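Colleague: Below is the file input09.cif, with mmCIF, C-alpha atoms.
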data_run
loop_
_atom_site.group_PDB
_atom_site.id
_atom_site.type_symbol
_atom_site.label_atom_id
_atom_site.label_comp_id
_atom_site.auth_asym_id
_atom_site.auth_seq_id
_atom_site.Cartn_x
_atom_site.Cartn_y
_atom_site.Cartn_z
ATOM 1 C CA MET A 1 69.188 141.016 80.474
ATOM 2 C CA ASP A 2 69.769 137.243 80.772
ATOM 3 C CA LEU A 3 71.543 137.231 77.402
ATOM 4 C CA LEU A 4 73.882 139.998 78.535
ATOM 5 C CA LYS A 5 74.614 138.093 81.755
ATOM 6 C CA ILE A 6 75.441 134.929 79.757
ATOM 7 C CA VAL A 7 77.828 136.907 77.537
ATOM 8 C CA ALA A 8 79.521 138.505 80.558
ATOM 9 C CA LEU A 9 79.825 135.209 82.441
ATOM 10 C CA SER A 10 81.155 133.459 79.341
ATOM 11 C CA LEU A 11 83.805 136.120 78.806
ATOM 12 C CA GLY A 12 84.711 135.964 82.486
ATOM 13 C CA SER A 13 85.030 132.179 82.427
ATOM 14 C CA VAL A 14 87.224 132.276 79.292
ATOM 15 C CA ILE A 15 89.518 134.867 80.869
ATOM 16 C CA PHE A 16 89.695 132.872 84.105
ATOM 17 C CA LEU A 17 90.378 129.643 82.154
ATOM 18 C CA PHE A 18 93.170 131.403 80.271
ATOM 19 C CA ILE A 19 94.748 132.565 83.541
ATOM 20 C CA LEU A 20 94.458 129.071 85.067
ATOM 21 C CA THR A 21 95.977 127.504 81.954
ATOM 22 C CA LYS A 22 98.940 129.865 82.151
ATOM 23 C CA LEU A 23 99.410 129.034 85.838
ATOM 24 C CA MET A 24 99.138 125.272 85.274
ATOM 25 C CA GLY A 25 101.517 125.375 82.294
ATOM 26 C CA ASN A 26 101.043 124.894 78.596
ATOM 27 C CA LYS A 27 101.162 121.312 77.412
ATOM 28 C CA GLU A 28 100.276 119.743 74.118
ATOM 29 C CA MET A 29 97.552 117.095 74.100
ATOM 30 C CA SER A 30 100.141 114.383 73.479
ATOM 31 C CA GLN A 31 102.035 115.475 76.593
ATOM 32 C CA LEU A 32 99.041 115.438 78.930
ATOM 33 C CA SER A 33 98.848 112.761 81.540
ATOM 34 C CA MET A 34 95.474 111.176 82.158
ATOM 35 C CA PHE A 35 95.207 113.233 85.356
ATOM 36 C CA ASP A 36 95.895 116.506 83.490
ATOM 37 C CA TYR A 37 93.332 115.567 80.845
ATOM 38 C CA ILE A 38 90.661 114.868 83.473
ATOM 39 C CA ILE A 39 91.435 118.112 85.303
ATOM 40 C CA GLY A 40 91.159 120.036 82.023
ATOM 41 C CA ILE A 41 87.802 118.502 81.173
ATOM 42 C CA THR A 42 86.479 119.155 84.675
ATOM 43 C CA ILE A 43 87.588 122.789 84.712
ATOM 44 C CA GLY A 44 86.047 123.298 81.266
ATOM 45 C CA SER A 45 82.806 121.733 82.418
ATOM 46 C CA ILE A 46 82.677 123.994 85.463
ATOM 47 C CA ALA A 47 83.350 127.032 83.241
ATOM 48 C CA ALA A 48 80.519 126.052 80.898
ATOM 49 C CA GLU A 49 78.176 125.591 83.848
ATOM 50 C CA MET A 50 79.193 128.986 85.180
ATOM 51 C CA ALA A 51 78.481 130.650 81.844
ATOM 52 C CA THR A 52 74.962 129.248 81.586
ATOM 53 C CA ALA A 53 73.805 129.222 85.229
ATOM 54 C CA LEU A 54 71.831 132.424 85.478
ATOM 55 C CA GLU A 55 70.427 132.085 88.965
ATOM 56 C CA SER A 56 73.522 130.943 90.862
ATOM 57 C CA ASP A 57 76.454 132.839 92.313
ATOM 58 C CA PHE A 58 79.360 133.049 89.866
ATOM 59 C CA MET A 59 81.970 132.920 92.649
ATOM 60 C CA GLN A 60 81.265 129.266 93.456
ATOM 61 C CA PRO A 61 82.369 127.964 90.023
ATOM 62 C CA LEU A 62 85.399 130.291 90.057
ATOM 63 C CA VAL A 63 86.467 128.892 93.423
ATOM 64 C CA ALA A 64 85.892 125.323 92.182
ATOM 65 C CA MET A 65 88.027 125.957 89.056
ATOM 66 C CA ALA A 66 90.753 127.526 91.195
ATOM 67 C CA VAL A 67 90.742 124.512 93.555
ATOM 68 C CA TYR A 68 91.145 122.122 90.607
ATOM 69 C CA ALA A 69 93.970 124.264 89.221
ATOM 70 C CA VAL A 70 95.772 124.342 92.576
ATOM 71 C CA ILE A 71 95.409 120.562 92.918
ATOM 72 C CA SER A 72 96.836 120.144 89.423
ATOM 73 C CA ILE A 73 99.798 122.401 90.221
ATOM 74 C CA ILE A 74 100.483 120.575 93.496
ATOM 75 C CA ILE A 75 100.333 117.180 91.741
ATOM 76 C CA SER A 76 102.736 118.477 89.062
ATOM 77 C CA ILE A 77 105.209 119.720 91.669
ATOM 78 C CA ILE A 78 105.076 116.482 93.668
ATOM 79 C CA SER A 79 105.442 114.434 90.453
ATOM 80 C CA TYR A 80 108.451 116.510 89.426
ATOM 81 C CA LYS A 81 110.171 115.975 92.774
ATOM 82 C CA SER A 82 109.206 112.361 93.532
ATOM 83 C CA LEU A 83 109.881 109.474 91.158
ATOM 84 C CA LYS A 84 107.696 107.128 93.229
ATOM 85 C CA PHE A 85 104.739 109.493 93.084
ATOM 86 C CA ARG A 86 105.298 110.044 89.342
ATOM 87 C CA ARG A 87 105.109 106.293 88.773
ATOM 88 C CA ILE A 88 101.830 106.158 90.713
ATOM 89 C CA SER A 89 100.232 109.171 89.037
ATOM 90 C CA SER A 90 101.563 108.701 85.481
ATOM 91 C CA GLY A 91 102.380 105.018 85.386
ATOM 92 C CA ASP A 92 105.406 103.297 83.932
ATOM 93 C CA SER A 93 106.180 103.333 80.251
ATOM 94 C CA LEU A 94 105.717 100.135 78.293
ATOM 95 C CA ILE A 95 107.869 98.909 75.440
ATOM 96 C CA LEU A 96 105.524 97.815 72.687
ATOM 97 C CA LEU A 97 107.992 97.303 69.842
ATOM 98 C CA ASP A 98 111.726 96.646 70.012
ATOM 99 C CA ASN A 99 113.899 95.679 67.034
ATOM 100 C CA GLY A 100 110.866 94.497 65.089
ATOM 101 C CA GLU A 101 109.502 92.382 67.952
ATOM 102 C CA ILE A 102 105.992 93.216 69.188
ATOM 103 C CA TYR A 103 105.430 92.689 72.900
ATOM 104 C CA ARG A 104 101.860 91.389 72.957
ATOM 105 C CA ASP A 105 101.699 91.231 76.768
ATOM 106 C CA ASN A 106 102.503 94.944 76.942
ATOM 107 C CA LEU A 107 99.831 95.644 74.319
ATOM 108 C CA LYS A 108 97.336 93.951 76.635
ATOM 109 C CA LYS A 109 98.576 95.993 79.606
ATOM 110 C CA ALA A 110 98.203 99.151 77.527
ATOM 111 C CA LYS A 111 94.730 97.999 76.426
ATOM 112 C CA LEU A 112 95.789 98.534 72.838
ATOM 113 C CA ASP A 113 94.544 96.437 69.941
ATOM 114 C CA LEU A 114 97.237 95.044 67.619
ATOM 115 C CA ASN A 115 95.562 96.520 64.536
ATOM 116 C CA GLU A 116 95.322 99.942 66.158
ATOM 117 C CA PHE A 117 98.977 99.734 67.190
ATOM 118 C CA LEU A 118 100.061 98.774 63.680
ATOM 119 C CA MET A 119 97.983 101.612 62.242
ATOM 120 C CA GLN A 120 99.741 104.069 64.572
ATOM 121 C CA CYS A 121 103.085 102.600 63.502
ATOM 122 C CA ARG A 122 102.206 103.194 59.836
ATOM 123 C CA ILE A 123 101.025 106.734 60.557
ATOM 124 C CA ASN A 124 104.365 107.437 62.268
ATOM 125 C CA ARG A 125 106.237 105.791 59.362
ATOM 126 C CA ILE A 126 107.427 102.820 61.374
ATOM 127 C CA PHE A 127 107.328 99.724 59.200
#
Write out the structure in this file as structure tokens.

Modeller:
Amino acid sequence: MDLLKIVALSLGSVIFLFILTKLMGNKEMSQLSMFDYIIGITIGSIAAEMATALESDFMQPLVAMAVYAVISIIISIISYKSLKFRRISSGDSLILLDNGEIYRDNLKKAKLDLNEFLMQCRINRIF
């Protein structure tokens, strides 16, 4: 009986995650802000907990996932409409390389090692 409940809760959490993902919008990993990434991990963690928690009420994790999704949607809407809020939530972009010149101060701000940056340049065929 417990195994059947785990299967049912897992299927329910996957369906609910799919619905939340559609509501929050599809983004590729490279397009996710740090906030979106954290929200995604948290919602996934709640879904996993829901699927394996046999003795607890399944509505509590569903409500928690929905709250995180609504917060994410609200943050996205505010970020879309407000440049100031977008700068706070997403940060400003940094120029790391311009006309062959590497901006080492911006590498430090980005907490990016020079070797790692150069490796990414090579991967993206920037020499």

Colleague: I need the residue nearest Asn99 of chain A from this list: A:Tyr80, A:Phe127, A:Ala8, A:Ser72. Use all atoms listed in the file for the distance.

Modeller: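 Among A:Tyr80, A:Phe127, A:Ala8, A:Ser72, it is A:Phe127 that comes nearest to Asn99 of chain A.
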
Colleague: Quick one: everything within 10 Å of Phe117 of chain A, counting only C-alpha atoms, minus sequence neighbours fewer than 6 positions away in the same chain. Send it as a PyMOL selection string.

Modeller: chain A and resi 96-97+102+107+123

Colleague: So which residues touch Lys109 of chain A within 12 Å, counting only C-alpha atoms, skipping near sequence neighbours fewer than 6 positions away, as a VMD selection string?

Modeller: chain A and resid 91 to 96 103

Colleague: Can you spell out as a PyMOL selection string the set of residues that the PyMOL selection byres ((chain A and resi 13) around 8) selects in the structure I just provided?

Modeller: chain A and resi 9-12+14-17+47-48+50-51+62

Colleague: As a ChimeraX atom specification, please: the residues near Leu23 of chain A (cut-off 10 Å, all atoms listed in the file, same-chain neighbours under 4 positions excluded).

Modeller: /A:17-19,69-70,72-73
